[in-house]
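Just run38.cif here, mmCIF, C-alpha atoms; chains and numbers go by the auth columns:
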```cif
data_start
loop_
_atom_site.group_PDB
_atom_site.id
_atom_site.type_symbol
_atom_site.label_atom_id
_atom_site.label_comp_id
_atom_site.label_asym_id
_atom_site.label_seq_id
_atom_site.Cartn_x
_atom_site.Cartn_y
_atom_site.Cartn_z
_atom_site.B_iso_or_equiv
_atom_site.auth_seq_id
_atom_site.auth_asym_id
ATOM 1 C CA MET A 1 -4.028 2.198 -30.156 0.00 1 A
ATOM 2 C CA THR A 2 -3.408 5.878 -29.565 0.00 2 A
ATOM 3 C CA SER A 3 -5.850 8.346 -28.110 0.00 3 A
ATOM 4 C CA SER A 4 -5.719 12.005 -27.206 0.00 4 A
ATOM 5 C CA LEU A 5 -5.899 13.589 -23.804 0.00 5 A
ATOM 6 C CA HIS A 6 -6.441 17.308 -23.446 0.00 6 A
ATOM 7 C CA VAL A 7 -5.285 18.826 -20.179 0.00 7 A
ATOM 8 C CA SER A 8 -5.420 22.420 -19.006 0.00 8 A
ATOM 9 C CA LEU A 9 -2.362 23.487 -17.018 0.00 9 A
ATOM 10 C CA PRO A 10 -1.545 26.602 -15.033 0.00 10 A
ATOM 11 C CA ASP A 11 1.236 28.651 -16.612 0.00 11 A
ATOM 12 C CA GLU A 12 3.727 27.556 -13.942 0.00 12 A
ATOM 13 C CA MET A 13 3.167 23.866 -14.694 0.00 13 A
ATOM 14 C CA ARG A 14 3.310 24.423 -18.444 0.00 14 A
ATOM 15 C CA ALA A 15 6.623 26.294 -18.043 0.00 15 A
ATOM 16 C CA ASN A 16 8.045 23.435 -15.988 0.00 16 A
ATOM 17 C CA GLY A 17 7.208 20.956 -18.735 0.00 17 A
ATOM 18 C CA LYS A 18 8.773 23.192 -21.366 0.00 18 A
ATOM 19 C CA SER A 19 11.962 23.547 -19.319 0.00 19 A
ATOM 20 C CA GLN A 20 12.566 19.812 -19.781 0.00 20 A
ATOM 21 C CA ASN A 21 13.446 20.411 -23.479 0.00 21 A
ATOM 22 C CA THR A 22 10.694 18.113 -24.667 0.00 22 A
ATOM 23 C CA THR A 23 7.168 18.359 -25.972 0.00 23 A
ATOM 24 C CA PRO A 24 4.324 18.363 -23.468 0.00 24 A
ATOM 25 C CA SER A 25 3.177 14.976 -24.795 0.00 25 A
ATOM 26 C CA GLU A 26 6.630 13.428 -24.354 0.00 26 A
ATOM 27 C CA TYR A 27 6.879 14.894 -20.866 0.00 27 A
ATOM 28 C CA VAL A 28 3.518 13.483 -19.777 0.00 28 A
ATOM 29 C CA ARG A 29 4.342 10.076 -21.307 0.00 29 A
ATOM 30 C CA ALA A 30 7.630 10.020 -19.370 0.00 30 A
ATOM 31 C CA LEU A 31 5.816 10.843 -16.125 0.00 31 A
ATOM 32 C CA ILE A 32 3.294 8.066 -16.734 0.00 32 A
ATOM 33 C CA ARG A 33 6.106 5.582 -17.518 0.00 33 A
ATOM 34 C CA GLU A 34 7.861 6.537 -14.262 0.00 34 A
ATOM 35 C CA ASP A 35 4.629 6.064 -12.335 0.00 35 A
ATOM 36 C CA MET A 36 4.076 2.658 -13.954 0.00 36 A
ATOM 37 C CA ALA A 37 7.633 1.610 -13.064 0.00 37 A
ATOM 38 C CA ARG A 38 7.131 2.695 -9.423 0.00 38 A
ATOM 39 C CA GLU A 39 3.918 0.672 -9.289 0.00 39 A
ATOM 40 C CA GLU A 40 5.687 -2.403 -10.655 0.00 40 A
ATOM 41 C CA ASP A 41 8.463 -1.954 -8.067 0.00 41 A
ATOM 42 C CA ARG A 42 5.825 -1.704 -5.333 0.00 42 A
ATOM 43 C CA ARG A 43 4.126 -4.888 -6.552 0.00 43 A
ATOM 44 C CA TYR A 44 7.466 -6.695 -6.691 0.00 44 A
ATOM 45 C CA ALA A 45 8.223 -5.682 -3.102 0.00 45 A
ATOM 46 C CA ILE A 46 4.796 -6.855 -1.935 0.00 46 A
ATOM 47 C CA ARG A 47 5.206 -10.202 -3.743 0.00 47 A
ATOM 48 C CA SER A 48 8.615 -10.615 -2.113 0.00 48 A
ATOM 49 C CA LEU A 49 7.193 -9.881 1.329 0.00 49 A
ATOM 50 C CA LEU A 50 4.349 -12.342 0.797 0.00 50 A
ATOM 51 C CA ARG A 51 6.808 -15.010 -0.351 0.00 51 A
ATOM 52 C CA ALA A 52 8.931 -14.377 2.751 0.00 52 A
ATOM 53 C CA GLU A 53 5.837 -14.676 4.932 0.00 53 A
ATOM 54 C CA GLU A 54 4.978 -18.015 3.314 0.00 54 A
ATOM 55 C CA GLU A 55 8.515 -19.254 3.915 0.00 55 A
ATOM 56 C CA PHE A 56 8.363 -18.092 7.528 0.00 56 A
ATOM 57 C CA LEU A 57 5.008 -19.738 8.164 0.00 57 A
ATOM 58 C CA GLY A 58 6.229 -22.900 6.417 0.00 58 A
ATOM 59 C CA GLY A 59 9.360 -23.034 8.569 0.00 59 A
ATOM 60 C CA LYS A 60 11.614 -22.405 5.580 0.00 60 A
ATOM 61 C CA MET A 61 13.441 -19.352 6.845 0.00 61 A
ATOM 62 C CA LEU A 62 16.675 -18.472 5.119 0.00 62 A
ATOM 63 C CA PRO A 63 19.848 -17.874 7.107 0.00 63 A
ATOM 64 C CA LEU A 64 20.585 -14.222 7.839 0.00 64 A
ATOM 65 C CA SER A 65 23.384 -14.103 5.264 0.00 65 A
ATOM 66 C CA ALA A 66 20.945 -15.151 2.529 0.00 66 A
ATOM 67 C CA LEU A 67 18.445 -12.532 3.644 0.00 67 A
ATOM 68 C CA GLU A 68 21.133 -9.852 3.478 0.00 68 A
ATOM 69 C CA THR A 69 21.824 -10.895 -0.121 0.00 69 A
ATOM 70 C CA VAL A 70 18.115 -10.665 -0.983 0.00 70 A
ATOM 71 C CA ASP A 71 17.918 -7.272 0.733 0.00 71 A
ATOM 72 C CA ALA A 72 20.881 -5.994 -1.286 0.00 72 A
ATOM 73 C CA GLU A 73 19.303 -7.253 -4.526 0.00 73 A
ATOM 74 C CA LEU A 74 15.998 -5.572 -3.719 0.00 74 A
ATOM 75 C CA HIS A 75 17.786 -2.355 -2.828 0.00 75 A
ATOM 76 C CA GLU A 76 19.543 -2.355 -6.208 0.00 76 A
ATOM 77 C CA GLU A 77 16.349 -3.110 -8.127 0.00 77 A
ATOM 78 C CA LEU A 78 14.352 -0.402 -6.374 0.00 78 A
ATOM 79 C CA ARG A 79 16.945 2.357 -6.823 0.00 79 A
#
```
Could you write out this file's structure as structure tokens?
Amino acid sequence: MTSSLHVSLPDEMRANGKSQNTTPSEYVRALIREDMAREEDRRYAIRSLLRAEEEFLGGKMLPLSALETVDAELHEELR
């Protein structure tokens, strides 16, 4: 389903959107997609922290070398 959203922008903001060589609609959609991706990354990080807490409380801590691997993987995914 598609719906319309009408937004009033100051000239400076409108010019910034135009400088991206795209339509205002495409620009706004790209910004929303980026925001959604950041939110998913944040949720993934929180789930990972909660899982680590469960492992810690359950006495199932990973050796430091394994944690460094997980840290490197998270760093790559969140870049």
Pick out the residues sitting within 12 Å of Met13 of chain A, and hand them over as a JSON list (two decimals) with C-alpha atoms, keeping the file's coordinate frame; count only C-alpha atoms, and ignore anything fewer than 5 positions along from it in its own chain.
```json
[["chain", "number", "residue", "atom", "x", "y", "z"],
["A", 7, "VAL", "CA", -5.28, 18.83, -20.18],
["A", 8, "SER", "CA", -5.42, 22.42, -19.01],
["A", 18, "LYS", "CA", 8.77, 23.19, -21.37],
["A", 19, "SER", "CA", 11.96, 23.55, -19.32],
["A", 20, "GLN", "CA", 12.57, 19.81, -19.78],
["A", 24, "PRO", "CA", 4.32, 18.36, -23.47],
["A", 27, "TYR", "CA", 6.88, 14.89, -20.87],
["A", 28, "VAL", "CA", 3.52, 13.48, -19.78]]
```
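Take atom CA of Asn16 of chain A and atom CA of Leu31 of chain A: the distance between them is 12.8 Å.
Among the candidate residues A:Ala66, A:Arg29, A:Asp71, A:Asn21, the one lying nearest to Ser4 of chain A is A:Arg29, with distances computed using only C-alpha atoms.
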The distance between atom CA of Arg14 of chain A and atom CA of Met1 of chain A is 26.2 Å
Enumerate, as number ranges by chain, the residues matched when the PyMOL selection byres ((chain A and resi 43-47) around 12) is run on the file above. A: 36-42, 48-54, 70-71, 73-75, 77-78
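Put simply, atom CA of Arg79 of chain A is 29.3 Å away from atom CA of Glu12 of chain A.
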Listed atoms of segment 31-35 of chain A boxed axis-aligned with 5 Å per side, centre + edges as lines of an AutoDock Vina configuration file:
```
center_x = 5.6
center_y = 8.2
center_z = -14.9
size_x = 14.6
size_y = 15.3
size_z = 15.2
```
